[in-house]
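Text of run-v2.txt (compact mmCIF, C-alpha atoms) as supplied:
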# COMPACT_ATOMS: atom_id res chain seq x y z
CA MET I 28 27.28 165.35 71.60
CA ARG I 29 25.12 163.51 74.13
CA ILE I 30 27.58 160.59 74.27
CA SER I 31 30.57 162.88 74.83
CA VAL I 32 28.79 164.64 77.70
CA LEU I 33 27.99 161.27 79.29
CA ALA I 34 31.58 160.12 78.76
CA ALA I 35 32.90 163.33 80.37
CA ALA I 36 30.54 162.93 83.31
CA ALA I 37 31.62 159.29 83.74
CA ALA I 38 35.29 160.34 83.68
CA VAL I 39 34.67 162.99 86.38
CA LEU I 40 32.80 160.47 88.55
CA ALA I 41 35.55 157.88 88.11
CA ALA I 42 38.22 160.40 89.14
CA ALA I 43 36.24 161.63 92.16
CA PRO I 44 36.92 159.97 95.51
CA GLN I 45 34.47 157.19 96.23
CA THR I 46 32.20 157.93 99.15
CA SER I 47 30.75 155.08 101.14
CA LEU I 48 29.73 154.36 104.65
CA ALA I 49 33.13 153.97 106.26
CA ALA I 50 33.38 151.59 109.14
CA CYS I 51 33.79 153.27 112.51
CA PRO I 52 36.85 152.42 114.61
CA LEU I 53 36.12 150.13 117.54
CA ALA I 54 37.48 152.72 119.97
CA SER I 55 34.65 155.09 118.97
CA PHE I 56 31.95 152.76 120.34
CA GLY I 57 29.83 154.74 122.78
CA GLU I 58 32.12 157.80 122.89
CA ALA I 59 29.05 160.03 122.90
CA LYS I 60 26.06 158.88 124.92
CA THR I 61 22.74 160.34 125.95
CA GLN I 62 20.05 159.08 128.30
CA THR I 63 21.81 155.98 129.61
CA CYS I 64 21.14 154.00 132.75
CA SER I 65 22.95 151.45 134.90
CA GLY I 66 22.47 147.70 135.01
CA LYS I 67 20.37 147.94 138.15
CA GLU I 68 17.94 150.32 136.42
CA CYS I 69 17.55 148.85 132.96
CA GLY I 70 19.82 145.84 132.55
CA PRO I 71 18.60 142.47 131.33
CA VAL I 72 16.93 140.35 133.96
CA ASN I 73 17.34 136.73 132.93
CA ALA I 74 20.06 136.68 130.25
CA PRO I 75 22.38 133.67 129.95
CA LYS I 76 25.87 134.01 131.44
CA GLU I 77 27.55 134.37 128.03
CA ILE I 78 25.37 137.40 127.26
CA SER I 79 25.67 138.83 130.78
CA ALA I 80 29.47 138.64 130.41
CA ILE I 81 29.42 141.28 127.64
CA SER I 82 30.65 144.51 129.21
CA ARG I 83 31.28 146.39 125.96
CA GLY I 84 29.08 145.63 123.00
CA LEU I 85 25.43 145.02 122.28
CA PHE I 86 22.83 142.30 122.11
CA SER I 87 19.27 141.71 121.07
CA GLU I 88 16.84 139.72 123.15
CA SER I 89 13.69 138.01 121.97
CA ILE I 90 11.55 136.27 124.57
CA GLY I 91 8.55 134.30 123.39
CA LEU I 92 5.06 135.18 124.59
CA PHE I 93 1.71 133.49 124.03
CA ILE I 94 2.22 130.78 121.37
CA ASN I 95 6.04 131.17 121.57
CA ASP I 96 6.16 130.90 125.36
CA GLY I 97 9.16 128.81 126.37
CA HIS I 98 11.50 130.02 123.63
CA ALA I 99 14.03 132.81 124.02
CA ARG I 100 16.98 133.94 121.90
CA TRP I 101 19.85 136.32 122.51
CA ILE I 102 22.42 137.35 119.95
CA GLY I 103 25.21 139.74 120.82
CA ILE I 104 28.60 141.12 119.99
CA ASP I 105 31.33 141.25 122.57
CA LEU I 106 33.66 144.00 121.33
CA ASP I 107 36.37 143.13 123.85
CA ARG I 108 36.56 139.55 122.53
CA SER I 109 35.66 140.36 118.88
CA GLU I 110 33.12 137.58 118.87
CA ILE I 111 29.46 137.06 118.23
CA VAL I 112 27.52 135.05 120.82
CA GLU I 113 24.14 133.44 120.28
CA VAL I 114 22.12 131.62 122.91
CA GLU I 115 18.76 129.93 122.38
CA ARG I 116 16.71 128.72 125.33
CA PHE I 117 13.90 126.17 125.15
CA ALA I 118 11.57 125.18 127.98
CA GLN I 119 11.04 121.70 126.55
CA ALA I 120 13.35 118.79 125.75
CA LYS I 121 15.27 118.94 122.48
CA PRO I 122 16.51 115.64 121.00
CA GLU I 123 19.42 117.39 119.28
CA PHE I 124 20.77 118.35 122.72
CA ARG I 125 21.82 114.76 123.48
CA LYS I 126 23.37 114.26 120.01
CA MET I 127 25.23 117.57 119.99
CA LYS I 128 29.02 117.54 119.69
CA HIS I 129 30.29 120.02 122.26
CA ASN I 130 33.37 122.21 121.86
CA ALA I 131 34.49 125.59 123.21
CA ASN I 132 32.41 127.52 120.65
CA HIS I 133 29.34 125.32 120.30
CA TYR I 134 27.74 123.64 123.28
CA GLY I 135 24.53 123.08 125.16
CA ARG I 136 23.45 122.80 128.76
CA GLU I 137 20.45 121.85 130.80
CA ILE I 138 19.23 124.21 133.50
CA ARG I 139 17.02 122.86 136.25
CA GLY I 140 15.06 125.01 138.66
CA LEU I 141 12.71 124.10 141.45
CA ASN I 142 9.76 123.60 139.09
CA SER I 143 11.35 124.19 135.71
CA ARG I 144 13.79 122.85 133.21
CA ALA I 145 15.38 124.54 130.20
CA ILE I 146 17.82 123.63 127.49
CA GLU I 147 20.27 126.25 126.17
CA PHE I 148 22.29 126.06 122.96
CA VAL I 149 25.31 128.37 122.81
CA ARG I 150 27.23 129.32 119.66
CA LYS I 151 30.23 131.63 119.50
CA LYS I 152 32.35 132.71 116.57
CA PRO I 153 35.03 135.31 115.96
CA ILE I 154 34.16 138.22 113.70
CA ASP I 155 36.48 140.44 111.74
CA ASN I 156 37.04 144.13 112.34
CA PRO I 157 35.43 145.46 109.10
CA VAL I 158 32.12 143.92 110.10
CA LEU I 159 32.50 145.18 113.65
CA GLY I 160 33.14 148.69 112.33
CA ASP I 161 29.77 148.73 110.57
CA VAL I 162 28.05 147.60 113.76
CA VAL I 163 29.88 150.29 115.77
CA CYS I 164 28.66 153.00 113.34
CA ALA I 165 25.04 151.86 113.68
CA ALA I 166 25.32 151.53 117.48
CA ASN I 167 26.88 155.00 117.84
CA GLU I 168 23.81 156.52 116.20
CA LEU I 169 21.63 154.84 118.81
CA TRP I 170 23.89 155.85 121.73
CA THR I 171 23.10 159.49 120.91
CA TYR I 172 19.44 158.99 119.98
CA VAL I 173 17.12 161.24 121.97
CA PRO I 174 13.46 160.26 121.69
CA ASP I 175 10.77 162.78 120.96
CA PRO I 176 8.78 163.02 124.23
CA SER I 177 5.54 163.34 122.30
CA VAL I 178 6.08 159.92 120.67
CA ALA I 179 5.93 156.57 122.44
CA ARG I 180 9.10 154.50 122.86
CA LEU I 181 10.50 152.77 119.80
CA ILE I 182 8.17 149.79 120.03
CA GLY I 183 6.51 148.39 116.96
CA PRO I 184 3.36 146.39 116.46
CA MET I 185 2.41 143.83 119.08
CA SER I 186 3.63 140.33 118.39
CA ASP I 187 4.15 137.04 120.17
CA SER I 188 7.53 138.13 121.54
CA HIS I 189 9.17 140.65 123.81
CA SER I 190 11.99 142.25 121.79
CA LYS I 191 14.77 144.45 123.15
CA LEU I 192 18.11 145.77 122.01
CA TYR I 193 20.78 146.66 124.59
CA LEU I 194 23.89 148.78 124.09
CA LEU I 195 26.51 148.18 126.80
CA ASP I 196 29.64 150.14 127.62
CA ARG I 197 31.27 149.15 130.91
CA GLY I 198 28.30 149.89 133.14
CA ALA I 199 26.45 152.37 130.91
CA ILE I 200 23.39 150.82 129.25
CA LYS I 201 20.90 152.07 126.71
CA ASP I 202 17.95 149.89 125.81
CA PHE I 203 15.24 149.97 123.16
CA GLY I 204 12.05 147.98 122.79
CA GLY I 205 9.72 145.99 124.97
CA PRO I 206 6.53 144.07 124.16
CA GLY I 207 6.19 143.67 120.41
CA GLU I 208 8.67 144.23 117.62
CA LEU I 209 11.52 146.73 117.42
CA ILE I 210 11.15 149.49 114.84
CA GLU I 211 13.34 152.00 113.01
CA ALA I 212 17.09 152.15 113.79
CA PRO I 213 17.04 149.52 116.60
CA ARG I 214 15.37 147.06 114.22
CA LYS I 215 17.99 147.75 111.54
CA LEU I 216 20.81 147.18 113.99
CA ARG I 217 19.23 143.91 115.16
CA ALA I 218 18.94 142.82 111.51
CA LEU I 219 22.63 143.61 111.01
CA LEU I 220 23.45 141.52 114.07
CA GLU I 221 21.34 138.58 112.92
CA GLY I 222 22.87 138.68 109.45
CA MET I 223 26.37 138.08 110.75
Serialized structure, structure tokens:
Amino acid sequence: MRISVLAAAAAVLAAAPQTSLAACPLASFGEAKTQTCSGKECGPVNAPKEISAISRGLFSESIGLFINDGHARWIGIDLDRSEIVEVERFAQAKPEFRKMKHNANHYGREIRGLNSRAIEFVRKKPIDNPVLGDVVCAANELWTYVPDPSVARLIGPMSDSHSKLYLLDRGAIKDFGGPGELIEAPRKLRALLEGM
């Protein structure tokens, strides 16, 4: 009796439509937005040109503080180009910079200022639409997120980095984070980005 009930239940489940997190269409990115700002108000200050060129997409920014001073990393998705872009910046010389084989999707550069010098490594790669759809779903949840005014911004425990997540849609920006680690949904979206 027990086996036949389990077999009947399994048959019903097998016949039922499978529900899963369906990927969101790219066109739905940022359709609904709350509490956004413009680039002049809350845009990134010192992002590399490849990251600044993203007009529709998202990126995470991690800038080293204290013991990690001199290291910064940006990883983003450009929805218009269907590509992922990663830039790492170092304030000290890197031997691998001179040995690096440069091409259109993997290159480095040296930036010299009045009293500073930095090395940047840039990596780009195309990504497929199913992966982008999952990112769009997660980003859309954050576009409509309205913080509880009685709770501090979504900033986690203090760490040796300044961590932010930016959503960008042709001039509209929504940002999360600041000193310390990201928490909750912004952290999950950053993890999705970094796992690509």
* **Given all atoms listed in the file as the counted atoms, nearest of I:Pro75, I:Gly222, I:Gly198, I:Pro206 to Thr63 of chain I** => I:Gly198
* **Surrounding residues of Ala199 of chain I excluding itself and chain neighbours under 3 positions, 7 Å, only C-alpha atoms, as JSON, numbers by chain** => {"I": [63, 64, 65, 195, 196]}
* **Residues near Ala166 of chain I, cut-off 8 Å, only C-alpha atoms, skip fewer than 2 positions along chain, as an MDAnalysis selection string** => chainID I and resid 56:57 162:164 168:170 194 216
* Taking into account only C-alpha atoms, which residue in the set I:Arg83, I:Arg144, I:Lys152, I:Lys76 is nearest to Lys201 of chain I? -> I:Arg83
* To do: Counting all atoms listed in the file, select every polymer residue within 8 Å of (33.2, 126.3, 118.0) as defined in the file's coordinates, and provide the selection as a count of residues only.
  => 7
